[in-house]
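Visitor: Data: query_2.txt, compact mmCIF, C-alpha atoms.
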```
# COMPACT_ATOMS: atom_id res chain seq x y z
CA MET A 1 8.95 -9.82 -48.73
CA ALA A 2 6.32 -10.70 -46.26
CA ASP A 3 2.75 -10.22 -47.41
CA THR A 4 1.37 -9.17 -44.09
CA MET A 5 2.52 -7.57 -40.88
CA GLN A 6 1.32 -7.57 -37.33
CA PHE A 7 -0.95 -4.67 -36.43
CA ASP A 8 -1.55 -3.85 -32.77
CA LEU A 9 -3.68 -1.10 -31.36
CA VAL A 10 -3.39 -0.63 -27.62
CA SER A 11 -4.84 1.97 -25.32
CA PRO A 12 -3.86 2.31 -21.67
CA GLU A 13 -6.99 0.46 -20.62
CA ARG A 14 -7.01 -2.42 -23.03
CA SER A 15 -5.75 -3.84 -26.25
CA LEU A 16 -8.21 -2.97 -28.99
CA ALA A 17 -6.90 -4.86 -31.95
CA SER A 18 -4.25 -7.34 -32.83
CA LEU A 19 -4.43 -8.64 -36.35
CA GLN A 20 -2.58 -9.27 -39.58
CA ALA A 21 -2.57 -6.38 -42.00
CA THR A 22 -1.36 -5.71 -45.50
CA GLU A 23 -1.67 -1.97 -45.30
CA VAL A 24 -2.12 0.57 -42.52
CA MET A 25 -3.03 4.21 -43.01
CA LEU A 26 -1.99 6.46 -40.16
CA PRO A 27 -2.72 10.11 -39.36
CA GLY A 28 0.92 11.01 -38.63
CA ALA A 29 1.85 14.31 -37.05
CA GLU A 30 3.64 15.34 -40.23
CA GLY A 31 0.88 14.15 -42.52
CA ASP A 32 -0.94 10.96 -43.36
CA MET A 33 1.20 7.98 -44.11
CA THR A 34 0.56 4.50 -45.37
CA VAL A 35 2.65 1.66 -44.06
CA LEU A 36 3.26 -1.53 -45.99
CA PRO A 37 5.01 -4.63 -44.69
CA ASP A 38 8.80 -4.39 -44.33
CA HIS A 39 8.76 -0.72 -43.57
CA ALA A 40 11.88 0.97 -42.19
CA PRO A 41 11.72 1.44 -38.41
CA VAL A 42 9.99 4.72 -37.57
CA ILE A 43 8.51 6.25 -34.47
CA THR A 44 6.10 9.06 -35.03
CA THR A 45 3.42 10.88 -33.12
CA LEU A 46 -0.18 10.88 -34.25
CA ARG A 47 -2.66 13.67 -34.59
CA PRO A 48 -6.37 13.08 -33.98
CA GLY A 49 -7.70 11.13 -36.92
CA VAL A 50 -8.64 7.79 -38.34
CA VAL A 51 -6.40 4.73 -38.55
CA LYS A 52 -7.38 2.50 -41.46
CA VAL A 53 -6.22 -1.09 -41.53
CA SER A 54 -6.66 -3.41 -44.47
CA GLY A 55 -5.80 -7.04 -44.18
CA PRO A 56 -6.77 -10.48 -45.38
CA GLU A 57 -9.80 -10.36 -43.09
CA GLY A 58 -11.10 -7.11 -44.48
CA GLU A 59 -10.82 -3.52 -43.42
CA ALA A 60 -11.16 -1.86 -40.05
CA ASP A 61 -11.28 1.75 -38.95
CA PHE A 62 -10.25 3.19 -35.62
CA VAL A 63 -10.61 6.72 -34.39
CA VAL A 64 -7.70 7.90 -32.25
CA THR A 65 -7.27 11.16 -30.40
CA GLY A 66 -3.51 11.14 -30.47
CA GLY A 67 -0.66 9.00 -29.30
CA PHE A 68 2.24 7.52 -31.15
CA VAL A 69 3.09 4.65 -33.39
CA GLU A 70 6.08 2.38 -33.56
CA ILE A 71 6.76 0.90 -36.95
CA THR A 72 9.22 -1.93 -37.45
CA SER A 73 9.76 -4.28 -40.35
CA GLU A 74 7.55 -6.85 -38.60
CA GLY A 75 4.62 -4.69 -37.76
CA VAL A 76 2.92 -1.58 -36.60
CA SER A 77 1.95 -0.85 -33.02
CA VAL A 78 -0.26 2.10 -32.35
CA LEU A 79 -0.30 3.39 -28.80
CA ALA A 80 -3.32 5.61 -28.60
CA GLU A 81 -4.38 7.52 -25.56
CA GLN A 82 -7.99 7.11 -26.50
CA ALA A 83 -9.14 4.88 -29.32
CA HIS A 84 -12.50 3.69 -30.57
CA ALA A 85 -13.56 1.29 -33.26
CA GLY A 86 -14.65 3.38 -36.21
CA ASN A 87 -18.20 2.07 -36.40
CA GLU A 88 -19.07 2.58 -32.75
CA VAL A 89 -17.46 5.91 -32.02
CA LYS A 90 -19.70 8.71 -30.80
CA LYS A 91 -18.96 12.37 -30.96
CA ALA A 92 -19.46 12.64 -27.22
CA ASP A 93 -16.51 10.29 -26.70
CA LEU A 94 -14.16 12.80 -28.24
CA GLU A 95 -15.70 15.88 -26.72
CA SER A 96 -13.61 15.90 -23.52
CA ALA A 97 -10.32 15.51 -25.35
CA TYR A 98 -11.37 18.27 -27.73
CA THR A 99 -12.24 20.58 -24.87
CA PHE A 100 -8.90 19.90 -23.23
CA ALA A 101 -7.07 20.67 -26.47
CA ARG A 102 -8.91 23.97 -26.76
CA GLU A 103 -8.08 24.91 -23.18
CA GLN A 104 -4.45 24.10 -23.79
CA ALA A 105 -4.39 26.20 -26.93
CA GLU A 106 -5.78 29.18 -25.07
CA LYS A 107 -3.15 29.22 -22.38
CA ALA A 108 -0.24 27.96 -24.44
CA SER A 109 2.88 30.11 -24.57
CA ASP A 110 3.85 31.66 -27.90
CA GLU A 111 6.35 28.93 -28.51
CA ASP A 112 3.76 26.16 -28.27
CA LYS A 113 0.86 28.15 -29.62
CA SER A 114 0.97 26.97 -33.20
CA ALA A 115 1.28 23.32 -32.22
CA ALA A 116 -1.64 23.56 -29.81
CA GLU A 117 -3.78 25.38 -32.35
CA LYS A 118 -2.97 22.79 -34.95
CA LEU A 119 -4.18 20.12 -32.57
CA VAL A 120 -7.49 21.94 -32.16
CA ALA A 121 -7.82 22.28 -35.92
CA ASP A 122 -7.14 18.57 -36.35
CA PHE A 123 -9.85 17.78 -33.84
CA ALA A 124 -12.31 20.07 -35.57
CA GLN A 125 -11.51 18.41 -38.87
CA LEU A 126 -11.99 14.95 -37.39
CA LEU A 127 -15.34 15.87 -35.86
CA GLU A 128 -16.46 17.40 -39.13
CA ASP A 129 -15.45 14.29 -41.07
CA MET A 130 -17.48 12.14 -38.77
CA GLU A 131 -20.72 13.86 -39.63
CA MET B 1 -20.46 -18.16 36.31
CA PRO B 2 -21.28 -16.48 33.00
CA ASN B 3 -24.90 -16.06 32.27
CA LEU B 4 -26.14 -18.55 29.68
CA LYS B 5 -28.23 -15.98 27.89
CA ASP B 6 -25.26 -13.59 27.59
CA LEU B 7 -23.11 -16.33 26.14
CA LYS B 8 -25.79 -17.22 23.65
CA ASN B 9 -26.06 -13.60 22.55
CA ARG B 10 -22.30 -13.38 22.17
CA ILE B 11 -22.21 -16.46 19.96
CA GLU B 12 -25.03 -15.06 17.83
CA SER B 13 -23.25 -11.74 17.38
CA VAL B 14 -19.93 -13.35 16.45
CA LYS B 15 -21.80 -15.52 13.96
CA ASN B 16 -23.28 -12.40 12.38
CA THR B 17 -19.85 -10.81 12.20
CA ARG B 18 -18.52 -13.91 10.50
CA LYS B 19 -21.27 -13.68 7.92
CA ILE B 20 -20.32 -10.09 7.16
CA THR B 21 -16.59 -10.72 6.87
CA LYS B 22 -17.24 -13.77 4.73
CA ALA B 23 -19.40 -11.71 2.38
CA MET B 24 -16.79 -8.97 2.25
CA GLN B 25 -14.13 -11.50 1.41
CA MET B 26 -16.15 -12.84 -1.48
CA VAL B 27 -16.90 -9.37 -2.80
CA ALA B 28 -13.20 -8.52 -2.57
CA ALA B 29 -12.32 -11.71 -4.42
CA ALA B 30 -14.64 -10.82 -7.28
CA LYS B 31 -13.35 -7.26 -7.40
CA LEU B 32 -9.79 -8.48 -7.22
CA ARG B 33 -10.27 -10.53 -10.35
CA ARG B 34 -11.59 -7.53 -12.18
CA ALA B 35 -8.81 -5.29 -10.91
CA GLN B 36 -6.20 -7.84 -11.89
CA ASP B 37 -7.66 -8.09 -15.37
CA ALA B 38 -7.55 -4.33 -15.69
CA ALA B 39 -3.93 -4.25 -14.57
CA GLU B 40 -3.13 -7.02 -17.02
CA GLU B 41 -4.79 -5.25 -19.93
CA GLY B 42 -2.91 -2.05 -19.29
CA ARG B 43 0.48 -3.70 -19.21
CA PRO B 44 1.29 -3.84 -22.95
CA TYR B 45 0.73 -0.11 -23.29
CA THR B 46 2.87 0.73 -20.28
CA ALA B 47 5.66 -1.60 -21.36
CA ARG B 48 5.74 -0.25 -24.90
CA MET B 49 5.55 3.32 -23.69
CA ASN B 50 8.44 2.82 -21.29
CA ALA B 51 10.54 1.08 -23.91
CA VAL B 52 10.11 3.89 -26.40
CA LEU B 53 10.63 6.59 -23.81
CA GLY B 54 13.66 4.79 -22.43
CA GLY B 55 15.22 4.62 -25.87
CA LEU B 56 14.49 8.26 -26.54
CA ALA B 57 15.65 9.38 -23.14
CA ALA B 58 18.92 7.54 -23.57
CA SER B 59 19.68 9.26 -26.84
CA VAL B 60 18.50 12.75 -25.92
CA GLY B 61 19.01 12.67 -22.16
CA GLY B 62 22.56 13.96 -22.05
CA SER B 63 22.05 17.00 -24.22
CA ASP B 64 21.23 20.45 -22.92
CA SER B 65 18.05 20.61 -24.93
CA ALA B 66 16.49 17.79 -22.91
CA PRO B 67 13.03 18.79 -21.66
CA LYS B 68 12.64 19.78 -18.03
CA LEU B 69 10.45 16.78 -17.34
CA LEU B 70 13.41 14.55 -18.08
CA ALA B 71 16.35 16.61 -16.92
CA GLY B 72 14.66 18.12 -13.88
CA SER B 73 14.31 21.77 -13.04
CA GLY B 74 17.91 22.03 -11.91
CA SER B 75 17.20 21.83 -8.20
CA ASP B 76 15.69 19.38 -5.76
CA GLN B 77 14.49 21.71 -3.08
CA VAL B 78 10.76 21.13 -3.21
CA HIS B 79 9.46 17.58 -3.21
CA LEU B 80 5.94 16.59 -4.09
CA LEU B 81 4.74 13.33 -2.61
CA ILE B 82 1.73 11.76 -4.26
CA VAL B 83 0.31 9.30 -1.77
CA MET B 84 -2.11 6.78 -3.21
CA THR B 85 -4.27 4.87 -0.78
CA GLY B 86 -7.68 3.28 -0.78
CA GLU B 87 -11.02 4.94 -0.22
CA ARG B 88 -12.08 2.39 2.35
CA GLY B 89 -10.63 0.68 5.36
CA LEU B 90 -10.94 -2.91 6.54
CA CYS B 91 -8.14 -4.07 4.34
CA GLY B 92 -5.40 -4.98 6.78
CA GLY B 93 -2.23 -2.98 6.64
CA PHE B 94 -2.80 -1.79 3.11
CA ASN B 95 -3.38 1.89 3.80
CA SER B 96 -1.08 2.23 6.77
CA SER B 97 1.89 0.67 5.01
CA ILE B 98 1.76 3.29 2.27
CA VAL B 99 1.21 6.07 4.77
CA ARG B 100 4.10 4.84 6.89
CA MET B 101 6.40 4.85 3.89
CA ALA B 102 5.31 8.31 2.80
CA ARG B 103 5.67 9.64 6.32
CA ALA B 104 9.20 8.25 6.62
CA LYS B 105 10.13 9.86 3.33
CA ALA B 106 8.61 13.17 4.35
CA GLN B 107 10.52 13.15 7.63
CA GLU B 108 13.75 12.28 5.88
CA LEU B 109 13.27 15.15 3.45
CA THR B 110 12.37 17.60 6.18
CA VAL B 111 15.50 16.64 8.12
CA ALA B 112 17.54 17.22 4.97
CA GLY B 113 16.11 20.72 4.80
CA LYS B 114 13.83 20.17 1.83
CA THR B 115 10.31 21.43 1.45
CA VAL B 116 7.61 18.79 1.26
CA LYS B 117 4.27 19.10 -0.49
CA MET B 118 1.66 16.41 -0.72
CA ILE B 119 -1.15 15.28 -2.93
CA THR B 120 -3.30 12.50 -1.57
CA VAL B 121 -5.30 10.11 -3.69
CA GLY B 122 -7.88 8.23 -1.67
CA LYS B 123 -9.61 9.22 1.52
CA LYS B 124 -7.76 6.96 3.94
CA GLY B 125 -4.36 8.43 3.23
CA ARG B 126 -5.64 11.95 3.65
CA ASP B 127 -7.26 11.11 6.98
CA GLN B 128 -4.08 9.56 8.35
CA LEU B 129 -1.76 12.30 7.15
CA LYS B 130 -4.00 15.29 7.72
CA ARG B 131 -2.92 15.96 11.28
CA GLU B 132 0.80 16.09 10.57
CA TYR B 133 0.91 17.33 7.03
CA GLY B 134 -2.46 19.03 6.60
CA ASP B 135 -0.88 22.38 5.87
CA VAL B 136 1.38 21.09 3.08
CA MET B 137 -1.35 19.19 1.26
CA VAL B 138 -1.87 20.95 -2.02
CA ASN B 139 -4.61 18.77 -3.41
CA HIS B 140 -6.74 15.73 -2.76
CA VAL B 141 -8.11 13.45 -5.42
CA ASP B 142 -11.38 11.83 -4.51
CA LEU B 143 -12.11 8.53 -6.22
CA THR B 144 -14.97 7.52 -3.93
CA GLY B 145 -17.62 7.56 -6.60
CA ILE B 146 -15.59 5.77 -9.21
CA LYS B 147 -16.24 2.08 -9.63
CA ARG B 148 -13.75 1.35 -12.33
CA ILE B 149 -10.59 3.39 -12.60
CA GLY B 150 -10.15 4.64 -16.12
CA TYR B 151 -7.29 6.31 -17.88
CA ALA B 152 -9.24 9.55 -17.65
CA ASN B 153 -8.78 9.57 -13.86
CA ALA B 154 -5.03 9.15 -14.20
CA HIS B 155 -4.97 11.78 -16.90
CA GLU B 156 -6.67 14.26 -14.63
CA ILE B 157 -4.17 13.67 -11.82
CA ALA B 158 -1.29 13.92 -14.28
CA ARG B 159 -2.69 17.14 -15.69
CA ASP B 160 -2.82 18.66 -12.23
CA VAL B 161 0.69 17.50 -11.36
CA LEU B 162 2.18 18.66 -14.65
CA GLY B 163 0.45 22.03 -14.33
CA ARG B 164 2.05 22.52 -10.94
CA PHE B 165 5.42 21.47 -12.30
CA ASP B 166 5.16 23.99 -15.11
CA ASP B 167 4.32 26.68 -12.58
CA GLY B 168 7.47 25.78 -10.67
CA GLU B 169 5.63 24.62 -7.57
CA PHE B 170 7.93 21.64 -7.04
CA ASP B 171 11.10 20.08 -8.42
CA VAL B 172 10.76 16.37 -7.75
CA ALA B 173 7.61 14.26 -7.69
CA THR B 174 7.37 10.81 -6.18
CA ILE B 175 4.38 8.50 -6.09
CA PHE B 176 3.66 6.03 -3.31
CA TYR B 177 1.52 3.00 -3.97
CA ASN B 178 1.33 -0.72 -3.35
CA THR B 179 2.62 -3.08 -5.99
CA PHE B 180 0.51 -6.18 -6.30
CA VAL B 181 2.65 -9.29 -5.87
CA ASN B 182 -0.02 -11.78 -4.94
CA VAL B 183 -3.12 -11.95 -2.77
CA ALA B 184 -1.11 -12.18 0.42
CA VAL B 185 1.77 -9.86 -0.48
CA GLN B 186 1.61 -6.21 -1.52
CA ASP B 187 4.77 -4.23 -1.75
CA PRO B 188 4.70 -0.57 -0.76
CA THR B 189 6.60 1.15 -3.55
CA GLU B 190 7.95 4.61 -4.07
CA GLN B 191 8.62 5.73 -7.59
CA GLN B 192 9.99 9.00 -8.82
CA ILE B 193 8.03 10.25 -11.80
CA ILE B 194 9.42 13.77 -12.24
CA PRO B 195 12.15 14.08 -13.38
CA ALA B 196 11.35 10.91 -15.23
CA SER B 197 13.63 7.97 -14.78
CA PHE B 198 13.50 4.93 -16.99
CA GLU B 199 15.12 1.59 -16.73
CA THR B 200 17.17 1.57 -19.85
CA THR B 201 17.03 -1.74 -21.57
CA ASP B 202 19.68 -2.66 -24.03
CA ASP B 203 17.50 -5.26 -25.70
CA ASP B 204 16.19 -3.08 -28.47
CA ALA B 205 19.41 -1.23 -29.06
CA GLY B 206 19.62 -3.13 -32.34
CA THR B 207 16.81 -1.22 -33.99
CA VAL B 208 17.57 2.31 -35.03
CA TYR B 209 14.40 4.24 -35.46
CA ASP B 210 13.66 7.20 -37.62
CA TYR B 211 11.87 9.80 -35.57
CA GLU B 212 9.23 11.89 -37.17
CA PRO B 213 9.13 14.77 -36.28
CA GLY B 214 12.49 15.02 -34.48
CA GLU B 215 13.49 13.20 -31.31
CA ASP B 216 13.11 16.32 -29.21
CA GLU B 217 9.57 17.00 -30.38
CA ILE B 218 8.48 13.43 -29.83
CA LEU B 219 10.03 13.37 -26.40
CA LYS B 220 8.27 16.58 -25.50
CA ASP B 221 4.99 15.11 -26.61
CA LEU B 222 5.50 11.74 -24.97
CA LEU B 223 6.88 12.66 -21.55
CA PRO B 224 3.59 14.05 -20.20
CA ARG B 225 1.89 10.92 -21.49
CA GLY B 226 4.56 8.86 -19.80
CA VAL B 227 3.76 10.53 -16.49
CA ALA B 228 0.05 9.87 -16.96
CA THR B 229 0.78 6.27 -17.88
CA GLN B 230 2.88 5.74 -14.77
CA ILE B 231 0.17 7.22 -12.59
CA PHE B 232 -2.40 5.06 -14.31
CA SER B 233 -0.47 1.86 -13.81
CA ALA B 234 0.15 2.82 -10.18
CA LEU B 235 -3.59 3.33 -9.72
CA LEU B 236 -4.32 -0.06 -11.23
CA GLU B 237 -1.69 -1.82 -9.15
CA ASN B 238 -3.04 -0.08 -6.09
CA GLY B 239 -6.58 -1.12 -6.93
CA ALA B 240 -5.60 -4.76 -7.25
CA SER B 241 -3.49 -4.57 -4.08
CA GLU B 242 -6.33 -3.05 -2.09
CA GLN B 243 -8.71 -5.85 -3.03
CA GLY B 244 -6.03 -8.46 -2.40
CA ALA B 245 -5.27 -7.00 1.02
CA ARG B 246 -8.94 -6.81 1.88
CA MET B 247 -9.49 -10.37 0.77
CA SER B 248 -6.75 -11.78 2.98
CA ALA B 249 -7.71 -9.52 5.90
CA MET B 250 -11.31 -10.66 5.69
CA ASP B 251 -10.23 -14.26 5.30
CA ASN B 252 -8.31 -13.94 8.56
CA ALA B 253 -11.24 -12.26 10.24
CA THR B 254 -13.59 -15.03 9.11
CA ARG B 255 -11.24 -17.66 10.47
CA ASN B 256 -10.83 -15.82 13.75
CA ALA B 257 -14.58 -15.53 14.12
CA GLY B 258 -14.87 -19.29 13.52
CA GLU B 259 -12.35 -20.04 16.25
CA MET B 260 -14.10 -17.67 18.60
CA ILE B 261 -17.44 -19.34 17.97
CA ASP B 262 -15.93 -22.74 18.73
CA LYS B 263 -14.46 -21.46 22.00
CA LEU B 264 -17.66 -19.75 23.05
CA THR B 265 -19.71 -22.81 22.19
CA ILE B 266 -17.55 -24.99 24.41
CA GLU B 267 -17.85 -22.47 27.20
CA PHE B 268 -21.61 -22.35 26.68
CA ASN B 269 -21.92 -26.14 26.84
CA ARG B 270 -19.74 -26.35 29.94
CA SER B 271 -21.79 -23.72 31.76
CA ARG B 272 -25.02 -25.42 30.80
CA GLN B 273 -23.68 -28.74 32.04
CA ALA B 274 -22.56 -27.11 35.29
CA ILE B 275 -26.02 -25.68 35.84
CA ILE B 276 -27.64 -29.07 35.24
CA THR B 277 -25.20 -30.74 37.63
CA ASN B 278 -25.91 -28.10 40.25
CA GLU B 279 -29.64 -28.59 39.94
CA LEU B 280 -29.25 -32.35 40.24
CA ILE B 281 -27.15 -31.97 43.39
CA GLU B 282 -29.79 -29.71 44.86
CA ILE B 283 -32.60 -32.19 44.09
CA ILE B 284 -30.66 -35.17 45.43
CA SER B 285 -29.53 -33.44 48.58
CA GLY B 286 -33.08 -32.17 49.06
CA ALA B 287 -34.42 -35.73 48.73
CA GLU B 288 -31.82 -37.07 51.17
CA ALA B 289 -32.71 -34.48 53.75
CA LEU B 290 -36.26 -35.75 53.96
```
Could you express the structure from this file as structure tokens?
Guide:
Amino acid sequence: MADTMQFDLVSPERSLASLQATEVMLPGAEGDMTVLPDHAPVITTLRPGVVKVSGPEGEADFVVTGGFVEITSEGVSVLAEQAHAGNEVKKADLESAYTFAREQAEKASDEDKSAAEKLVADFAQLLEDME
Amino acid sequence: MPNLKDLKNRIESVKNTRKITKAMQMVAAAKLRRAQDAAEEGRPYTARMNAVLGGLAASVGGSDSAPKLLAGSGSDQVHLLIVMTGERGLCGGFNSSIVRMARAKAQELTVAGKTVKMITVGKKGRDQLKREYGDVMVNHVDLTGIKRIGYANAHEIARDVLGRFDDGEFDVATIFYNTFVNVAVQDPTEQQIIPASFETTDDDAGTVYDYEPGEDEILKDLLPRGVATQIFSALLENGASEQGARMSAMDNATRNAGEMIDKLTIEFNRSRQAIITNELIEIISGAEAL
């Protein structure tokens, strides 16, 4: 079994990280998950939260506002709509996405209501954790 | 005989024009590099997004439960054309080639009895289309004040377009923009974004993914993002194309100005020589008359 896997974090504007990792913690839509090398192929969506990467070069945190992740046996690629390195993220950066989520929740139809409200709750949790 | 002073003024003014076009060319070259970098950086995301969406669309696409964004609204009566042009002129045929393409498409649709609606991105496109299609323009996106196009801009456009789709305002959306091939060549491109169409690649058919939550939920979540991503990459391509077009247009202008200066200088020298010769003849013939 391989010791490490490739970890990529890309946003539409640029590639934020590309490094070797031994362990990646992801805020999956269905709950947090930790990925180790040689994982079964999975595609899952992300909720707003923190992606934690540990590798031979140390640990790194990234705050994402959503997106999805593609896991293969070789590596993990996170495609985040908006992502920031954990140590330089400011609350203001997330504010617009949070506002949008709240607007969406207000006008969502009954069918989508719970999903939209969950998104708002996830955002609130993330902002609270950052304090 | 042209007045010497007039000629001199002409040469001066063409020289000034050459300075301006030269400066514009250099500015465009610098901006082009930045725009190209931006387009380059965005490519991995777009490629990955399209691959995943393509795979998902292929497996869910046929079923009845496919989301409207993928399957369409069941009709193709109302078409929305999103025309992306630049905010500024002086860039050769860049703006007009997109407008021409959009206009042709609009005419074709009108002839076929469809309804056309338009959203313009960039001032130049709006100005050129306003007279003919002013009454079917539903929105205009102004990017004048924005130096560097970010994903947020694309997201805003996508949000507006998706909102209108949800309200049933249109059935099919197509974007028009210029694909950047190289500095000299930009390809006007039309791309249908709603209902979404993906080039299905068979390359990654080998990997069978687990989807969490289900395929349908993921697809529903990803399709709007896919639309935003396509708009974003179109904006970036367009940005690079605009600078490329401006660069080559200004390069041409600079060269033309150079040629013109050469021609005018020769004319100036000839006229001056003719005046001198005339004066000499007058002096000599005056002296002979004595």
Visitor: Do a neighbour search on A:Arg14 at 12 Å with only C-alpha atoms, toss out local chain neighbours closer than 6 positions, and write the hits as a compact mmCIF listing (two decimals) with C-alpha atoms, in the coordinates of the input.
Guide:
```txt
# COMPACT_ATOMS: atom_id res chain seq x y z
CA ASP A 8 -1.55 -3.85 -32.77
CA LEU A 79 -0.30 3.39 -28.80
CA ALA A 80 -3.32 5.61 -28.60
CA GLU A 81 -4.38 7.52 -25.56
CA GLN A 82 -7.99 7.11 -26.50
CA ALA A 83 -9.14 4.88 -29.32
CA HIS A 84 -12.50 3.69 -30.57
CA ASP B 37 -7.66 -8.09 -15.37
CA ALA B 38 -7.55 -4.33 -15.69
CA ALA B 39 -3.93 -4.25 -14.57
CA GLU B 40 -3.13 -7.02 -17.02
CA GLU B 41 -4.79 -5.25 -19.93
CA GLY B 42 -2.91 -2.05 -19.29
CA ARG B 43 0.48 -3.70 -19.21
CA PRO B 44 1.29 -3.84 -22.95
CA TYR B 45 0.73 -0.11 -23.29
CA THR B 46 2.87 0.73 -20.28
CA GLY B 150 -10.15 4.64 -16.12
CA TYR B 151 -7.29 6.31 -17.88
```
Visitor: Tell me which residues come within 9 Å of (-8.9, 3.2, -42.9), as a list in words, counting all atoms listed in the file in the file's coordinates.
Guide: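 Looking at atoms near the point gives Val24, Met25, Leu26, Val50, Val51, Lys52, Val53, Ser54, Glu59, Ala60, Asp61, Phe62 and Gly86 of chain A.
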Visitor: Residues within 7 Å of B:Phe170, please, as a ChimeraX atom specification. Count all atoms listed in the file; anything in the same chain fewer than 6 positions from it doesn't count.
Guide: /B:78-80
Visitor: Up to 7 Å from chain B, what residues of chain A turn up? Count only C-alpha atoms and give them as a PyMOL selection string.
Guide: chain A and resi 10-15+30+41-45+79
Visitor: Measuring atom to atom with only C-alpha atoms, identify which of A:Arg47, A:Val120, A:Val35, A:Ser96 is nearest to A:Phe68.
Guide: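 Closest candidate: A:Arg47.
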Visitor: Would you work out the distance separating atom CA of B:Met250 from atom CA of B:Gly86, expressed in Å to one decimal?
Guide: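 Distance reported for this atom pair: 15.8 Å.
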Visitor: Would you compute an axis-aligned box for stretch 236-255 of chain B, covering every atom listed for it in the file with 5 Å of margin on each side, and report centre and edge lengths in Å to one decimal as AutoDock Vina command-line options?
Guide:
```
--center_x -7.6 --center_y -8.9 --center_z -0.4 --size_x 21.9 --size_y 27.6 --size_z 31.7
```
Visitor: Give me, as a list in words, all polymer residues having an atom no more than 12 Å from A:Glu103, counting only C-alpha atoms and skipping those fewer than 4 positions away in the same chain.
Guide: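 In the requested format, the answer is Ser96, Ala97, Tyr98, Thr99, Lys107, Ala108, Lys113, Ala116, Glu117, Leu119 and Val120 of chain A.
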Visitor: How many Å lie between atom CA of A:Glu88 and atom CA of A:Val63, rounded to one decimal?
Guide: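 Pair atom CA of A:Glu88 / atom CA of A:Val63 returns 9.6 Å.
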Visitor: Compile the contact shell of B:Gln230 as a list in words: residues with an atom at most 10 Å away, counting all atoms listed in the file, same-chain residues fewer than 5 positions apart removed.
Guide: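 Close residues of B:Gln230: Thr46, Met49, Asn50, Ala154, Ala158, Ile175, Gln191, Gln192, Ile193, Ala196, Pro224, Arg225, Leu235 and Leu236 of chain B.
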Visitor: With C-alpha atoms retained, could you export that selection as a PDB file, in the coordinates of the input?
Guide:
```pdb
ATOM      1  CA  THR B  46       2.870   0.730 -20.280  1.00  0.00           C
ATOM      2  CA  MET B  49       5.550   3.320 -23.690  1.00  0.00           C
ATOM      3  CA  ASN B  50       8.440   2.820 -21.290  1.00  0.00           C
ATOM      4  CA  ALA B 154      -5.030   9.150 -14.200  1.00  0.00           C
ATOM      5  CA  ALA B 158      -1.290  13.920 -14.280  1.00  0.00           C
ATOM      6  CA  ILE B 175       4.380   8.500  -6.090  1.00  0.00           C
ATOM      7  CA  GLN B 191       8.620   5.730  -7.590  1.00  0.00           C
ATOM      8  CA  GLN B 192       9.990   9.000  -8.820  1.00  0.00           C
ATOM      9  CA  ILE B 193       8.030  10.250 -11.800  1.00  0.00           C
ATOM     10  CA  ALA B 196      11.350  10.910 -15.230  1.00  0.00           C
ATOM     11  CA  PRO B 224       3.590  14.050 -20.200  1.00  0.00           C
ATOM     12  CA  ARG B 225       1.890  10.920 -21.490  1.00  0.00           C
ATOM     13  CA  LEU B 235      -3.590   3.330  -9.720  1.00  0.00           C
ATOM     14  CA  LEU B 236      -4.320  -0.060 -11.230  1.00  0.00           C
TER      15      LEU B 236
END
```
Visitor: Of the residues A:Ala85, A:Leu16, A:Gln6, A:Ala105, which is the one nearest to A:Pro56, using only C-alpha atoms?
Guide: A:Gln6
Visitor: Counting all atoms listed in the file, which of A:Ser77, A:Thr34, A:Asn87, A:Thr72 gets nearest to A:Leu19?
Guide: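 Selected residue with least distance to A:Leu19: A:Ser77.
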Visitor: Quick one, how far is atom CA of B:Leu109 from atom CA of B:Arg159?
Guide: 25.0 Å
Visitor: May I have the protein, DNA and RNA residues with any atom at most 12 Å from the point (-9.1, 18.3, -35.4), counting only C-alpha atoms, written as a VMD selection string?
Guide: chain A and resid 27 29 46 to 50 63 to 66 94 to 95 97 to 99 101 to 102 115 to 130
Visitor: Do you have, as CSV, the list of residues of stretch 159-222 of chain B lying at most 12 Å from stretch 111-121 of chain B, each with its nearest atom pair and that distance in Å to one decimal, counting only C-alpha atoms and ordered by chain then number?
Guide:
```
residue,atom,partner,partner_atom,distance
B:Asp160,CA,B:Ile119,CA,10.0
B:Val161,CA,B:Ile119,CA,8.9
B:Arg164,CA,B:Lys117,CA,11.2
B:Glu169,CA,B:Lys117,CA,9.1
B:Phe170,CA,B:Lys117,CA,7.9
B:Asp171,CA,B:Thr115,CA,10.0
B:Val172,CA,B:Val116,CA,9.8
B:Ala173,CA,B:Lys117,CA,9.3
B:Thr174,CA,B:Met118,CA,9.7
B:Ile175,CA,B:Ile119,CA,9.3
B:Phe176,CA,B:Thr120,CA,9.7
B:Tyr177,CA,B:Val121,CA,9.9
```
